[in-house]
$ cat run-v6.tsv   # TSV, N, CA and C atoms
chain	number	residue	atom	x	y	z
Y	1	MET	N	100.20	149.73	80.65
Y	1	MET	CA	101.20	148.69	80.47
Y	1	MET	C	102.19	149.14	79.41
Y	2	GLY	N	103.49	149.02	79.69
Y	2	GLY	CA	104.53	149.43	78.76
Y	2	GLY	C	104.77	148.39	77.68
Y	3	ILE	N	105.68	148.71	76.80
Y	3	ILE	CA	106.05	147.79	75.72
Y	3	ILE	C	106.84	146.64	76.31
Y	4	GLN	N	106.46	145.44	75.96
Y	4	GLN	CA	107.18	144.27	76.45
Y	4	GLN	C	108.36	143.99	75.53
Y	5	ILE	N	109.53	143.82	76.12
Y	5	ILE	CA	110.74	143.52	75.36
Y	5	ILE	C	111.17	142.11	75.72
Y	6	CYS	N	111.50	141.33	74.73
Y	6	CYS	CA	111.99	139.97	74.98
Y	6	CYS	C	113.18	139.70	74.06
Y	7	LEU	N	113.91	138.65	74.38
Y	7	LEU	CA	115.03	138.28	73.53
Y	7	LEU	C	114.53	137.44	72.37
Y	8	SER	N	114.97	137.78	71.17
Y	8	SER	CA	114.60	137.01	69.98
Y	8	SER	C	115.36	135.70	69.97
Y	9	LYS	N	114.66	134.65	69.68
Y	9	LYS	CA	115.30	133.35	69.53
Y	9	LYS	C	115.33	132.97	68.06
Y	10	ASN	N	114.99	133.95	67.19
Y	10	ASN	CA	114.99	133.70	65.74
Y	10	ASN	C	114.17	132.43	65.45
Y	11	ASN	N	113.01	132.35	66.09
Y	11	ASN	CA	112.24	131.12	66.13
Y	11	ASN	C	111.56	130.78	64.80
Y	12	ASN	N	111.14	129.55	64.74
Y	12	ASN	CA	110.49	129.05	63.52
Y	12	ASN	C	109.19	129.77	63.22
Y	13	TYR	N	108.46	130.22	64.26
Y	13	TYR	CA	107.19	130.90	64.05
Y	13	TYR	C	107.39	132.18	63.24
Y	14	MET	N	108.32	133.02	63.66
Y	14	MET	CA	108.56	134.27	62.94
Y	14	MET	C	109.12	134.00	61.55
Y	15	GLY	N	109.96	132.97	61.45
Y	15	GLY	CA	110.49	132.61	60.14
Y	15	GLY	C	109.39	132.17	59.19
Y	16	ALA	N	108.45	131.38	59.71
Y	16	ALA	CA	107.33	130.92	58.88
Y	16	ALA	C	106.41	132.08	58.51
Y	17	LEU	N	106.16	132.98	59.47
Y	17	LEU	CA	105.32	134.15	59.18
Y	17	LEU	C	105.99	135.02	58.13
Y	18	PHE	N	107.31	135.21	58.26
Y	18	PHE	CA	108.03	135.98	57.24
Y	18	PHE	C	107.87	135.33	55.86
Y	19	LEU	N	108.04	134.02	55.77
Y	19	LEU	CA	107.91	133.34	54.47
Y	19	LEU	C	106.51	133.50	53.89
Y	20	ASP	N	105.48	133.47	54.74
Y	20	ASP	CA	104.11	133.72	54.25
Y	20	ASP	C	104.01	135.10	53.62
Y	21	TRP	N	104.55	136.10	54.33
Y	21	TRP	CA	104.48	137.47	53.83
Y	21	TRP	C	105.40	137.69	52.63
Y	22	LYS	N	106.52	137.01	52.60
Y	22	LYS	CA	107.41	137.11	51.44
Y	22	LYS	C	106.68	136.62	50.19
Y	23	ARG	N	105.94	135.52	50.32
Y	23	ARG	CA	105.17	135.01	49.17
Y	23	ARG	C	104.11	136.00	48.73
Y	24	LYS	N	103.39	136.60	49.71
Y	24	LYS	CA	102.35	137.59	49.37
Y	24	LYS	C	102.96	138.76	48.61
Y	25	ILE	N	104.06	139.26	49.13
Y	25	ILE	CA	104.70	140.42	48.51
Y	25	ILE	C	105.27	140.04	47.15
Y	26	GLN	N	105.91	138.89	47.06
Y	26	GLN	CA	106.51	138.44	45.80
Y	26	GLN	C	105.44	138.24	44.72
Y	27	ASP	N	104.25	137.78	45.12
Y	27	ASP	CA	103.16	137.64	44.16
Y	27	ASP	C	102.78	138.99	43.56
Y	28	ALA	N	102.78	140.03	44.39
Y	28	ALA	CA	102.42	141.37	43.93
Y	28	ALA	C	103.58	142.08	43.24
Y	29	LEU	N	104.80	141.78	43.68
Y	29	LEU	CA	106.00	142.48	43.20
Y	29	LEU	C	107.11	141.47	42.90
Y	30	PRO	N	107.05	140.79	41.77
Y	30	PRO	CA	108.01	139.71	41.52
Y	30	PRO	C	109.46	140.14	41.36
Y	31	SER	N	109.73	141.42	41.11
Y	31	SER	CA	111.12	141.82	40.83
Y	31	SER	C	111.83	142.46	42.01
Y	32	VAL	N	111.20	142.52	43.19
Y	32	VAL	CA	111.84	143.17	44.34
Y	32	VAL	C	112.63	142.16	45.17
Y	33	CYS	N	113.52	142.67	46.00
Y	33	CYS	CA	114.25	141.87	46.98
Y	33	CYS	C	113.53	142.03	48.31
Y	34	ILE	N	113.21	140.91	48.97
Y	34	ILE	CA	112.45	140.92	50.22
Y	34	ILE	C	113.27	140.23	51.30
Y	35	GLU	N	113.49	140.92	52.43
Y	35	GLU	CA	114.31	140.35	53.49
Y	35	GLU	C	113.68	140.53	54.86
Y	36	HIS	N	113.88	139.53	55.72
Y	36	HIS	CA	113.48	139.60	57.12
Y	36	HIS	C	114.55	140.42	57.84
Y	37	VAL	N	114.14	141.52	58.46
Y	37	VAL	CA	115.07	142.41	59.15
Y	37	VAL	C	114.50	142.71	60.54
Y	38	GLY	N	115.17	143.55	61.29
Y	38	GLY	CA	114.69	143.93	62.61
Y	38	GLY	C	115.04	142.91	63.67
Y	39	GLY	N	114.58	143.14	64.87
Y	39	GLY	CA	114.96	142.34	66.03
Y	39	GLY	C	114.70	140.86	65.90
Y	40	THR	N	113.59	140.47	65.29
Y	40	THR	CA	113.30	139.03	65.21
Y	40	THR	C	114.16	138.31	64.18
Y	41	SER	N	114.94	139.05	63.41
Y	41	SER	CA	115.87	138.43	62.46
Y	41	SER	C	117.28	138.32	63.04
Y	42	ILE	N	117.44	138.78	64.28
Y	42	ILE	CA	118.75	138.80	64.92
Y	42	ILE	C	118.71	137.90	66.15
Y	43	HIS	N	119.47	136.81	66.11
Y	43	HIS	CA	119.48	135.86	67.23
Y	43	HIS	C	119.99	136.52	68.50
Y	44	GLY	N	119.15	136.52	69.54
Y	44	GLY	CA	119.54	137.09	70.82
Y	44	GLY	C	119.26	138.56	70.99
Y	45	ALA	N	118.64	139.20	70.00
Y	45	ALA	CA	118.35	140.63	70.09
Y	45	ALA	C	117.11	140.87	70.94
Y	46	LYS	N	117.10	141.99	71.64
Y	46	LYS	CA	115.88	142.42	72.32
Y	46	LYS	C	114.91	142.90	71.25
Y	47	THR	N	113.65	142.52	71.41
Y	47	THR	CA	112.65	142.87	70.39
Y	47	THR	C	111.28	142.99	71.03
Y	48	LYS	N	110.40	143.74	70.39
Y	48	LYS	CA	109.01	143.81	70.81
Y	48	LYS	C	108.23	142.61	70.28
Y	49	GLY	N	108.88	141.79	69.45
Y	49	GLY	CA	108.21	140.62	68.90
Y	49	GLY	C	107.44	140.91	67.63
Y	50	ASP	N	107.72	142.04	66.99
Y	50	ASP	CA	107.08	142.34	65.72
Y	50	ASP	C	107.92	141.81	64.57
Y	51	LEU	N	107.34	141.78	63.40
Y	51	LEU	CA	108.04	141.30	62.21
Y	51	LEU	C	108.33	142.48	61.30
Y	52	ASP	N	109.59	142.69	60.99
Y	52	ASP	CA	110.00	143.77	60.08
Y	52	ASP	C	110.46	143.15	58.78
Y	53	ILE	N	109.96	143.72	57.68
Y	53	ILE	CA	110.28	143.23	56.34
Y	53	ILE	C	110.80	144.39	55.51
Y	54	SER	N	111.93	144.18	54.86
Y	54	SER	CA	112.50	145.16	53.95
Y	54	SER	C	112.18	144.75	52.52
Y	55	VAL	N	111.61	145.67	51.77
Y	55	VAL	CA	111.32	145.47	50.35
Y	55	VAL	C	112.17	146.46	49.58
Y	56	GLN	N	113.13	145.93	48.81
Y	56	GLN	CA	114.07	146.79	48.09
Y	56	GLN	C	113.67	146.84	46.62
Y	57	THR	N	113.50	148.05	46.12
Y	57	THR	CA	113.03	148.25	44.76
Y	57	THR	C	113.89	149.29	44.06
Y	58	THR	N	113.59	149.55	42.81
Y	58	THR	CA	114.32	150.56	42.06
Y	58	THR	C	113.66	151.92	42.23
Y	59	GLU	N	114.42	152.95	41.96
Y	59	GLU	CA	113.89	154.31	42.01
Y	59	GLU	C	112.72	154.46	41.04
Y	60	ALA	N	112.85	153.88	39.86
Y	60	ALA	CA	111.79	153.98	38.85
Y	60	ALA	C	110.49	153.30	39.28
Y	61	ASP	N	110.60	152.22	40.06
Y	61	ASP	CA	109.41	151.45	40.47
Y	61	ASP	C	108.89	151.79	41.86
Y	62	PHE	N	109.55	152.69	42.56
Y	62	PHE	CA	109.22	152.96	43.96
Y	62	PHE	C	107.74	153.31	44.17
Y	63	SER	N	107.22	154.28	43.45
Y	63	SER	CA	105.82	154.70	43.62
Y	63	SER	C	104.86	153.58	43.28
Y	64	LYS	N	105.09	152.92	42.18
Y	64	LYS	CA	104.22	151.81	41.75
Y	64	LYS	C	104.24	150.70	42.79
Y	65	ASP	N	105.42	150.37	43.29
Y	65	ASP	CA	105.53	149.30	44.28
Y	65	ASP	C	104.88	149.68	45.60
Y	66	CYS	N	104.99	150.94	46.00
Y	66	CYS	CA	104.30	151.39	47.22
Y	66	CYS	C	102.79	151.24	47.06
Y	67	ASN	N	102.27	151.57	45.89
Y	67	ASN	CA	100.83	151.41	45.65
Y	67	ASN	C	100.40	149.95	45.76
Y	68	LYS	N	101.24	149.04	45.32
Y	68	LYS	CA	100.90	147.61	45.43
Y	68	LYS	C	100.98	147.13	46.88
Y	69	ILE	N	101.97	147.60	47.63
Y	69	ILE	CA	102.07	147.23	49.05
Y	69	ILE	C	100.87	147.79	49.82
Y	70	ARG	N	100.38	148.93	49.40
Y	70	ARG	CA	99.22	149.55	50.05
Y	70	ARG	C	97.99	148.64	49.99
Y	71	GLN	N	97.96	147.72	49.04
Y	71	GLN	CA	96.85	146.76	48.95
Y	71	GLN	C	97.00	145.63	49.98
Y	72	LEU	N	98.20	145.49	50.56
Y	72	LEU	CA	98.47	144.44	51.55
Y	72	LEU	C	98.53	144.97	52.98
Y	73	ALA	N	98.87	146.25	53.14
Y	73	ALA	CA	99.08	146.81	54.48
Y	73	ALA	C	98.71	148.29	54.47
Y	74	ASN	N	98.57	148.86	55.65
Y	74	ASN	CA	98.17	150.26	55.80
Y	74	ASN	C	99.38	151.18	55.79
Y	75	VAL	N	99.17	152.38	55.28
Y	75	VAL	CA	100.20	153.42	55.35
Y	75	VAL	C	100.54	153.65	56.81
Y	76	HIS	N	101.82	153.74	57.11
Y	76	HIS	CA	102.27	153.93	58.49
Y	76	HIS	C	103.32	155.04	58.51
Y	77	HIS	N	103.21	155.91	59.47
Y	77	HIS	CA	104.14	157.05	59.63
Y	77	HIS	C	104.41	157.78	58.31
Y	78	PRO	N	103.38	158.31	57.66
Y	78	PRO	CA	103.62	159.02	56.40
Y	78	PRO	C	104.52	160.24	56.56
Y	79	GLU	N	104.61	160.75	57.77
Y	79	GLU	CA	105.48	161.91	58.02
Y	79	GLU	C	106.96	161.55	57.86
Y	80	LEU	N	107.28	160.25	57.87
Y	80	LEU	CA	108.67	159.80	57.70
Y	80	LEU	C	109.01	159.46	56.25
Y	81	TRP	N	107.99	159.43	55.40
Y	81	TRP	CA	108.20	159.02	54.01
Y	81	TRP	C	109.09	160.02	53.26
Y	82	THR	N	109.89	159.48	52.36
Y	82	THR	CA	110.69	160.30	51.46
Y	82	THR	C	110.54	159.72	50.05
Y	83	LYS	N	111.30	160.23	49.11
Y	83	LYS	CA	111.26	159.68	47.75
Y	83	LYS	C	111.93	158.30	47.67
Y	84	ASP	N	112.62	157.89	48.75
Y	84	ASP	CA	113.34	156.61	48.78
Y	84	ASP	C	112.87	155.66	49.88
Y	85	PHE	N	111.91	156.07	50.70
Y	85	PHE	CA	111.52	155.27	51.87
Y	85	PHE	C	110.04	155.45	52.18
Y	86	ALA	N	109.37	154.32	52.42
Y	86	ALA	CA	107.98	154.34	52.87
Y	86	ALA	C	107.77	153.17	53.81
Y	87	ILE	N	106.84	153.32	54.73
Y	87	ILE	CA	106.58	152.25	55.69
Y	87	ILE	C	105.09	151.96	55.75
Y	88	PHE	N	104.78	150.68	55.84
Y	88	PHE	CA	103.41	150.19	55.92
Y	88	PHE	C	103.32	149.27	57.12
Y	89	SER	N	102.10	149.08	57.62
Y	89	SER	CA	101.93	148.26	58.81
Y	89	SER	C	100.63	147.47	58.73
Y	90	THR	N	100.64	146.29	59.31
Y	90	THR	CA	99.45	145.45	59.40
Y	90	THR	C	99.63	144.47	60.55
Y	91	TYR	N	98.64	143.67	60.78
Y	91	TYR	CA	98.70	142.60	61.78
Y	91	TYR	C	98.36	141.28	61.12
Y	92	ASP	N	99.03	140.23	61.54
Y	92	ASP	CA	98.74	138.88	61.07
Y	92	ASP	C	98.95	137.95	62.26
Y	93	LYS	N	97.93	137.21	62.60
Y	93	LYS	CA	98.00	136.28	63.75
Y	93	LYS	C	98.45	137.03	65.01
Y	94	LYS	N	97.94	138.23	65.20
Y	94	LYS	CA	98.22	139.10	66.36
Y	94	LYS	C	99.66	139.62	66.40
Y	95	VAL	N	100.40	139.44	65.34
Y	95	VAL	CA	101.77	139.95	65.26
Y	95	VAL	C	101.77	141.21	64.40
Y	96	LYS	N	102.37	142.29	64.93
Y	96	LYS	CA	102.50	143.52	64.15
Y	96	LYS	C	103.57	143.31	63.09
Y	97	ILE	N	103.24	143.71	61.87
Y	97	ILE	CA	104.17	143.58	60.75
Y	97	ILE	C	104.40	144.96	60.16
Y	98	ASP	N	105.66	145.36	60.09
Y	98	ASP	CA	106.04	146.61	59.42
Y	98	ASP	C	106.78	146.25	58.15
Y	99	ILE	N	106.37	146.87	57.05
Y	99	ILE	CA	107.00	146.65	55.75
Y	99	ILE	C	107.63	147.96	55.32
Y	100	MET	N	108.95	147.95	55.23
Y	100	MET	CA	109.68	149.13	54.80
Y	100	MET	C	110.04	148.96	53.32
Y	101	VAL	N	109.56	149.89	52.50
Y	101	VAL	CA	109.91	149.88	51.09
Y	101	VAL	C	111.01	150.90	50.90
Y	102	VAL	N	112.15	150.44	50.35
Y	102	VAL	CA	113.30	151.32	50.18
Y	102	VAL	C	113.85	151.18	48.76
Y	103	VAL	N	114.42	152.26	48.29
Y	103	VAL	CA	115.10	152.24	46.99
Y	103	VAL	C	116.48	151.63	47.19
Y	104	LYS	N	116.80	150.63	46.35
Y	104	LYS	CA	118.14	150.03	46.39
Y	104	LYS	C	119.18	151.12	46.24
Y	105	ASN	N	120.28	150.96	46.92
Y	105	ASN	CA	121.41	151.91	46.86
Y	105	ASN	C	121.09	153.28	47.42
Y	106	SER	N	119.97	153.42	48.14
Y	106	SER	CA	119.69	154.69	48.81
Y	106	SER	C	120.24	154.64	50.24
Y	107	SER	N	120.26	155.77	50.89
Y	107	SER	CA	120.75	155.82	52.27
Y	107	SER	C	119.82	155.09	53.24
Y	108	TYR	N	118.61	154.76	52.80
Y	108	TYR	CA	117.65	154.06	53.66
Y	108	TYR	C	117.78	152.54	53.56
Y	109	ASN	N	118.55	152.06	52.65
Y	109	ASN	CA	118.67	150.61	52.44
Y	109	ASN	C	119.76	150.04	53.35
Y	110	THR	N	119.51	150.12	54.66
Y	110	THR	CA	120.51	149.69	55.65
Y	110	THR	C	120.01	148.55	56.54
Y	111	PHE	N	118.76	148.17	56.42
Y	111	PHE	CA	118.16	147.22	57.36
Y	111	PHE	C	118.87	145.86	57.34
Y	112	ALA	N	119.08	145.30	56.16
Y	112	ALA	CA	119.72	143.98	56.06
Y	112	ALA	C	121.18	144.04	56.50
Y	113	LYS	N	121.86	145.12	56.17
Y	113	LYS	CA	123.26	145.26	56.57
Y	113	LYS	C	123.37	145.32	58.10
Y	114	THR	N	122.47	146.07	58.74
Y	114	THR	CA	122.46	146.14	60.19
Y	114	THR	C	122.21	144.77	60.79
Y	115	ARG	N	121.24	144.03	60.25
Y	115	ARG	CA	120.96	142.67	60.71
Y	115	ARG	C	122.20	141.80	60.61
Y	116	ASP	N	122.87	141.84	59.48
Y	116	ASP	CA	124.04	141.00	59.26
Y	116	ASP	C	125.18	141.35	60.20
Y	117	ILE	N	125.39	142.63	60.45
Y	117	ILE	CA	126.44	143.07	61.37
Y	117	ILE	C	126.14	142.58	62.78
Y	118	LEU	N	124.90	142.77	63.24
Y	118	LEU	CA	124.56	142.35	64.60
Y	118	LEU	C	124.57	140.84	64.76
Y	119	ASN	N	124.20	140.10	63.72
Y	119	ASN	CA	124.27	138.64	63.79
Y	119	ASN	C	125.70	138.12	63.83
Y	120	SER	N	126.64	138.91	63.34
Y	120	SER	CA	128.03	138.43	63.28
Y	120	SER	C	128.92	139.03	64.37
Y	121	SER	N	128.39	139.91	65.20
Y	121	SER	CA	129.22	140.57	66.21
Y	121	SER	C	128.57	140.53	67.59
Y	122	PRO	N	128.97	139.58	68.44
Y	122	PRO	CA	128.41	139.51	69.79
Y	122	PRO	C	128.59	140.81	70.59
Y	123	SER	N	129.70	141.48	70.41
Y	123	SER	CA	129.92	142.70	71.19
Y	123	SER	C	128.98	143.83	70.75
Y	124	LEU	N	128.76	143.97	69.44
Y	124	LEU	CA	127.82	144.98	68.97
Y	124	LEU	C	126.38	144.63	69.36
Y	125	LEU	N	126.05	143.33	69.34
Y	125	LEU	CA	124.72	142.89	69.76
Y	125	LEU	C	124.51	143.23	71.24
Y	126	ALA	N	125.52	143.00	72.06
Y	126	ALA	CA	125.41	143.33	73.49
Y	126	ALA	C	125.18	144.83	73.68
Y	127	GLU	N	125.89	145.65	72.91
Y	127	GLU	CA	125.71	147.10	72.98
Y	127	GLU	C	124.30	147.49	72.52
Y	128	TYR	N	123.82	146.85	71.44
Y	128	TYR	CA	122.46	147.09	70.92
Y	128	TYR	C	121.41	146.76	71.98
Y	129	ASN	N	121.61	145.67	72.71
Y	129	ASN	CA	120.65	145.22	73.70
Y	129	ASN	C	120.69	146.02	75.00
Y	130	SER	N	121.78	146.79	75.23
Y	130	SER	CA	121.92	147.49	76.52
Y	130	SER	C	121.07	148.76	76.58

$ encode --input "run-v6.tsv" --output "structure tokens"
Amino acid sequence: MGIQICLSKNNNYMGALFLDWKRKIQDALPSVCIEHVGGTSIHGAKTKGDLDISVQTTEADFSKDCNKIRQLANVHHPELWTKDFAIFSTYDKKVKIDIMVVVKNSSYNTFAKTRDILNSSPSLLAEYNS
């Protein structure tokens, strides 16, 4: 069976799940910026139905913050990690959750900007979905 793709309705369920995880992360890392990103944060986007979370931190705190996230989720795709980017993964209520830890002002800190652009541009969203 292949990956199922559906249109995101930016529904209350994913929003509530994001808020649960935002609280968990904020409890461990009170000084980071945490945002709902990815397909489920974009109204009308095609998505696998997973929850993507961006955690933006400072260069000085990156390693320490990754170690704290490691207590909440599993290391994911370590081959993609850099000094500015790390990804973790877990499941909650049968929903896959990916947590991307990025250094603010790095080239990897694009998730929220992409979300905002696609939410504000129907033509770009249509191209993204094609």

$ atom_distance --input "run-v6.tsv" --atom1 "atom CA of Phe88 of chain Y" --atom2 "atom C of His36 of chain Y"
14.9 Å

$ residues_around --input "run-v6.tsv" --residues "Ile99 of chain Y" --least-positions-apart "4" --cutoff "5 Å" --atoms "all atoms listed in the file" --output "list in words"
Ile53, Ile87, Phe88 and Ser89 of chain Y

$ select_by_dssp --input "run-v6.tsv" --residues "segment 5-123 of chain Y" --states "alpha helix (DSSP H)" --output "PyMOL selection string"
chain Y and resi 12-28+62-69+111-120+122-123

$ select_by_dssp --input "run-v6.tsv" --residues "chain Y" --states "strand (DSSP E or B)" --output "ChimeraX atom specification"
/Y:6-7,33-37,46-47,51-57,74-76,85-92,95-103

$ axis_aligned_box --input "run-v6.tsv" --around "segment 110-126 of chain Y" --padding-each-side "3 Å" --output "lines of an AutoDock Vina configuration file"
center_x = 124.0
center_y = 144.1
center_z = 64.2
size_x = 17.8
size_y = 18.0
size_z = 25.0

$ atom_distance --input "run-v6.tsv" --atom1 "atom N of Gln71 of chain Y" --atom2 "atom N of Asp84 of chain Y"
17.8 Å

$ closest_residue --input "run-v6.tsv" --among "Y:Val95, Y:Ile69, Y:Ala45, Y:Met100" --to "Leu125 of chain Y" --atoms "only C-alpha atoms"
Y:Ala45

$ atom_distance --input "run-v6.tsv" --atom1 "atom CA of Thr90 of chain Y" --atom2 "atom N of Asp50 of chain Y"
11.7 Å

$ residues_around --input "run-v6.tsv" --residues "segment 110-120 of chain Y" --least-positions-apart "6" --cutoff "10 Å" --atoms "only C-alpha atoms" --output "PyMOL selection string"
chain Y and resi 34-45+52-55+100+102+104+126-128

$ residues_around --input "run-v6.tsv" --residues "Tyr91 of chain Y" --least-positions-apart "2" --cutoff "10 Å" --atoms "only C-alpha atoms" --output "list in words"
Asp50, Leu51, Ala73, Asn74, Ser89, Lys93, Lys94, Val95, Lys96, Ile97 and Asp98 of chain Y

$ residues_around --input "run-v6.tsv" --residues "segment 21-26 of chain Y" --least-positions-apart "4" --cutoff "8 Å" --atoms "all atoms listed in the file" --output "PDB file with N, CA and C atoms, in the frame of the given file"
ATOM      1  N   GLY Y  15     109.960 132.970  61.450  1.00  0.00           N
ATOM      2  CA  GLY Y  15     110.490 132.610  60.140  1.00  0.00           C
ATOM      3  C   GLY Y  15     109.390 132.170  59.190  1.00  0.00           C
ATOM      4  N   ALA Y  16     108.450 131.380  59.710  1.00  0.00           N
ATOM      5  CA  ALA Y  16     107.330 130.920  58.880  1.00  0.00           C
ATOM      6  C   ALA Y  16     106.410 132.080  58.510  1.00  0.00           C
ATOM      7  N   LEU Y  17     106.160 132.980  59.470  1.00  0.00           N
ATOM      8  CA  LEU Y  17     105.320 134.150  59.180  1.00  0.00           C
ATOM      9  C   LEU Y  17     105.990 135.020  58.130  1.00  0.00           C
ATOM     10  N   PRO Y  30     107.050 140.790  41.770  1.00  0.00           N
ATOM     11  CA  PRO Y  30     108.010 139.710  41.520  1.00  0.00           C
ATOM     12  C   PRO Y  30     109.460 140.140  41.360  1.00  0.00           C
ATOM     13  N   SER Y  31     109.730 141.420  41.110  1.00  0.00           N
ATOM     14  CA  SER Y  31     111.120 141.820  40.830  1.00  0.00           C
ATOM     15  C   SER Y  31     111.830 142.460  42.010  1.00  0.00           C
ATOM     16  N   VAL Y  32     111.200 142.520  43.190  1.00  0.00           N
ATOM     17  CA  VAL Y  32     111.840 143.170  44.340  1.00  0.00           C
ATOM     18  C   VAL Y  32     112.630 142.160  45.170  1.00  0.00           C
ATOM     19  N   ILE Y  34     113.210 140.910  48.970  1.00  0.00           N
ATOM     20  CA  ILE Y  34     112.450 140.920  50.220  1.00  0.00           C
ATOM     21  C   ILE Y  34     113.270 140.230  51.300  1.00  0.00           C
ATOM     22  N   GLU Y  35     113.490 140.920  52.430  1.00  0.00           N
ATOM     23  CA  GLU Y  35     114.310 140.350  53.490  1.00  0.00           C
ATOM     24  C   GLU Y  35     113.680 140.530  54.860  1.00  0.00           C
ATOM     25  N   LYS Y  68     101.240 149.040  45.320  1.00  0.00           N
ATOM     26  CA  LYS Y  68     100.900 147.610  45.430  1.00  0.00           C
ATOM     27  C   LYS Y  68     100.980 147.130  46.880  1.00  0.00           C
ATOM     28  N   ILE Y  69     101.970 147.600  47.630  1.00  0.00           N
ATOM     29  CA  ILE Y  69     102.070 147.230  49.050  1.00  0.00           C
ATOM     30  C   ILE Y  69     100.870 147.790  49.820  1.00  0.00           C
ATOM     31  N   LEU Y  72      98.200 145.490  50.560  1.00  0.00           N
ATOM     32  CA  LEU Y  72      98.470 144.440  51.550  1.00  0.00           C
ATOM     33  C   LEU Y  72      98.530 144.970  52.980  1.00  0.00           C
TER      34      LEU Y  72
END

$ closest_residue --input "run-v6.tsv" --among "Y:Leu29, Y:Arg70, Y:Tyr108, Y:Lys64" --to "Thr82 of chain Y" --atoms "only C-alpha atoms"
Y:Tyr108
